[in-house]
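*Asks:* Before I ask anything, here is the structure I am working with.
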Amino acid sequence: MSLNGKLALVTGSTSGIGLGIARALAAAGADVMLNGFGEQARIAAIRAEIAATHGVEVGYNGADISKPEQIAAMVAECATSMRSPDIWVNNAGIQFTANVEDFPDERWDQIIAVNLSGVFFGMKATIPAMKAKGWGRIINIASAHGLVASAQKVAYVAAKHGVIGMTKVAAIELANQGVTVNAICPGWVLTPLVEKQLQERAARDASSVAKETLAFVTEKQPMAQFTTPEQIGGLAVFLCSDAASTITGAPLSIDGGWVAQ
Ligand code: NAD
């Protein structure tokens, strides 16, 4: 399939899953607007590498997704420097773990601002132009934690359940406007977000990251392997295809069987 001529904006695409999605969409022919934090030289190298490999245009905007005014400014800048996005992937996300009674208020606010409100403000910013074009794809990166819970992840689980709820609302509102809205629900993907949890767990149990990794995956997933950012990217490309044009409002699991149990 070809996404030639389409522009995809992927939030949080300087690392992990977002970068995998941006690469996959570029490989399918889409121009890409990257977003996320990181060292400027590294981001410039990623832009150059994707552009050279796939012959597409690659922009970058460093908007902080927890700040609605920065999302609005990114949309305006994108429309000027490139054009309005045809594909919008709400992927930026953060994590913090603690029991409910110990969970710091500022961590709750931060996770809700990025993982939940960031998705709302992202959809709000992109929907008008997609409606005007009569075509659009919104893909929200939720999680297995949007469907089931784990201990010590109160803000993350609340945010990801909320992302699936707002995906359904937007899908219904846009059902006959050529715009689909879906949520991808990954299980474990070995990215910096998960590496940090593995390091904390190894330190807590006086163990090693290598030892903890298999236990970490298999205590949640029947399938004892990580999903890769490339595989999540493949699902995102499929959701942009004509074959997926009547899939909307769906939470799509890609999780090694996690929520089948
Ligand atoms: P990651 O830490 O590798 O990447 C997160 C990206 O988001 C980075 O580019 C970072 O710069 C960006 N980011 C963070 N805060 C931001 C902000 N305020 N504004 C703009 N960008 C910001 O993490 P990842 O594992 O690739 O996670 C990506 C998404 O996938 C998240 O929404 C996460 O919840 C979800 N997810 C991850 C897993 C997993 O196992 N890794 C599983 C399910 C869902």
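Identifiers for the structure tokens are assigned positionally: chains receive A, B, ... in sequence, residues are indexed from 1 per chain, and ligands are indexed from 1 in the order shown.
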Write out as a PyMOL selection string each polymer residue (protein, DNA or RNA) that has an atom no more than 7 Å from ligand 1, with only C-alpha atoms and all ligand atoms counted.
*Replies:* chain A and resi 11-18+35-38+62-66+91-95+114-115+141-144+185-194
*Asks:* For the selection just defined, write its residues with C-alpha atoms to a file, as an mmCIF file, in the first residue's frame.
*Replies:*
```cif
data_model
loop_
_atom_site.group_PDB
_atom_site.id
_atom_site.type_symbol
_atom_site.label_atom_id
_atom_site.label_comp_id
_atom_site.auth_asym_id
_atom_site.auth_seq_id
_atom_site.Cartn_x
_atom_site.Cartn_y
_atom_site.Cartn_z
ATOM 1 C CA THR A 11 3.729 12.501 19.093
ATOM 2 C CA GLY A 12 6.603 11.134 21.172
ATOM 3 C CA SER A 13 8.420 9.824 18.104
ATOM 4 C CA THR A 14 12.013 10.497 19.159
ATOM 5 C CA SER A 15 12.143 7.105 20.914
ATOM 6 C CA GLY A 16 10.623 3.641 21.228
ATOM 7 C CA ILE A 17 7.182 2.867 19.801
ATOM 8 C CA GLY A 18 6.600 6.336 18.325
ATOM 9 C CA ASN A 35 7.716 15.218 18.024
ATOM 10 C CA GLY A 36 9.256 14.426 21.393
ATOM 11 C CA PHE A 37 12.151 15.258 23.653
ATOM 12 C CA GLY A 38 15.818 14.468 23.204
ATOM 13 C CA GLY A 62 9.439 19.779 20.123
ATOM 14 C CA ALA A 63 6.011 20.645 21.594
ATOM 15 C CA ASP A 64 5.432 19.464 25.156
ATOM 16 C CA ILE A 65 2.256 17.380 24.839
ATOM 17 C CA SER A 66 1.263 18.204 28.421
ATOM 18 C CA ASN A 91 1.757 8.163 21.226
ATOM 19 C CA ALA A 92 3.673 10.309 23.763
ATOM 20 C CA GLY A 93 3.470 8.692 27.166
ATOM 21 C CA ILE A 94 5.176 8.451 30.540
ATOM 22 C CA GLN A 95 5.044 6.089 33.506
ATOM 23 C CA VAL A 114 0.554 13.686 28.925
ATOM 24 C CA ASN A 115 -1.153 10.293 28.617
ATOM 25 C CA ILE A 141 -1.551 4.423 21.551
ATOM 26 C CA ALA A 142 -3.306 3.051 24.629
ATOM 27 C CA SER A 143 -1.996 -0.146 26.250
ATOM 28 C CA ALA A 144 -3.042 -3.526 27.608
ATOM 29 C CA CYS A 185 -3.165 -1.648 22.938
ATOM 30 C CA PRO A 186 0.380 -3.018 23.118
ATOM 31 C CA GLY A 187 1.632 -5.486 25.689
ATOM 32 C CA TRP A 188 5.308 -5.266 26.608
ATOM 33 C CA VAL A 189 7.596 -3.508 24.149
ATOM 34 C CA LEU A 190 11.260 -3.198 25.141
ATOM 35 C CA THR A 191 11.701 0.598 25.086
ATOM 36 C CA PRO A 192 13.287 3.066 27.550
ATOM 37 C CA LEU A 193 9.889 3.250 29.348
ATOM 38 C CA VAL A 194 10.055 -0.482 30.138
#
```
*Asks:* Let's see if you can do this: from backbone DSSP, list all helix (DSSP H, G or I) residues in stretch 114-242 of chain A, as a ChimeraX atom specification.
*Replies:* /A:114-133,144-146,154-173,192-204,209-218,229-239,242
*Asks:* Counting only C-alpha atoms, figure out which residue out of A:Ala215, A:Ile138, A:Val100, A:Ile111 gets nearest to A:Ser150.
*Replies:*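 Looking only at the distances to A:Ser150, the closest residue turns out to be A:Val100.
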*Asks:* Could you check the closest approach to A:Ala52 for each of A:Asn99, A:Gly146, A:Ala27, A:Leu34 and tell me which residue wins, using only C-alpha atoms?
*Replies:*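 Checking each of A:Asn99, A:Gly146, A:Ala27, A:Leu34 against A:Ala52, counting only C-alpha atoms, the winner is A:Ala27.
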*Asks:* Write out as a PyMOL selection string which residues come within 12 Å of A:Ser81 when counting only C-alpha atoms, dropping same-chain ones fewer than 6 positions away.
*Replies:* chain A and resi 7+32-33+57-61+74-75
*Asks:* Which stretch 64-134 of chain A residues have any atom within 7 Å of an atom of stretch 169-182 of chain A, and for each, what is the nearest pair of atoms with distance in Å to one decimal, counting only C-alpha atoms, rows sorted by chain and number, as a tab-separated table?
*Replies:*
```
residue	atom	partner	partner_atom	distance
A:Met130	CA	A:Val179	CA	6.9
A:Lys131	CA	A:Gln177	CA	6.0
A:Gly134	CA	A:Gly178	CA	5.1
```
*Asks:* Check the smallest atom-to-atom distance from each of A:Trp108, A:Trp135, A:Phe103, A:Phe120 to A:Met166 using only C-alpha atoms, then report the winner.
*Replies:*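 Using only C-alpha atoms, the shortest distance to A:Met166 belongs to A:Phe120.
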*Asks:* Could you tell me how far atom CA of A:Arg47 sits from atom CA of A:Ile139, in Å to one decimal place?
*Replies:*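 Distance reported for this atom pair: 21.5 Å.
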*Asks:* When distances are computed from only C-alpha atoms, which of A:Pro68, A:Gly256, A:Gly55, A:Gly29 shows the smallest separation from A:Thr218?
*Replies:*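 When distances to A:Thr218 are compared using only C-alpha atoms, the smallest one comes from A:Gly256.
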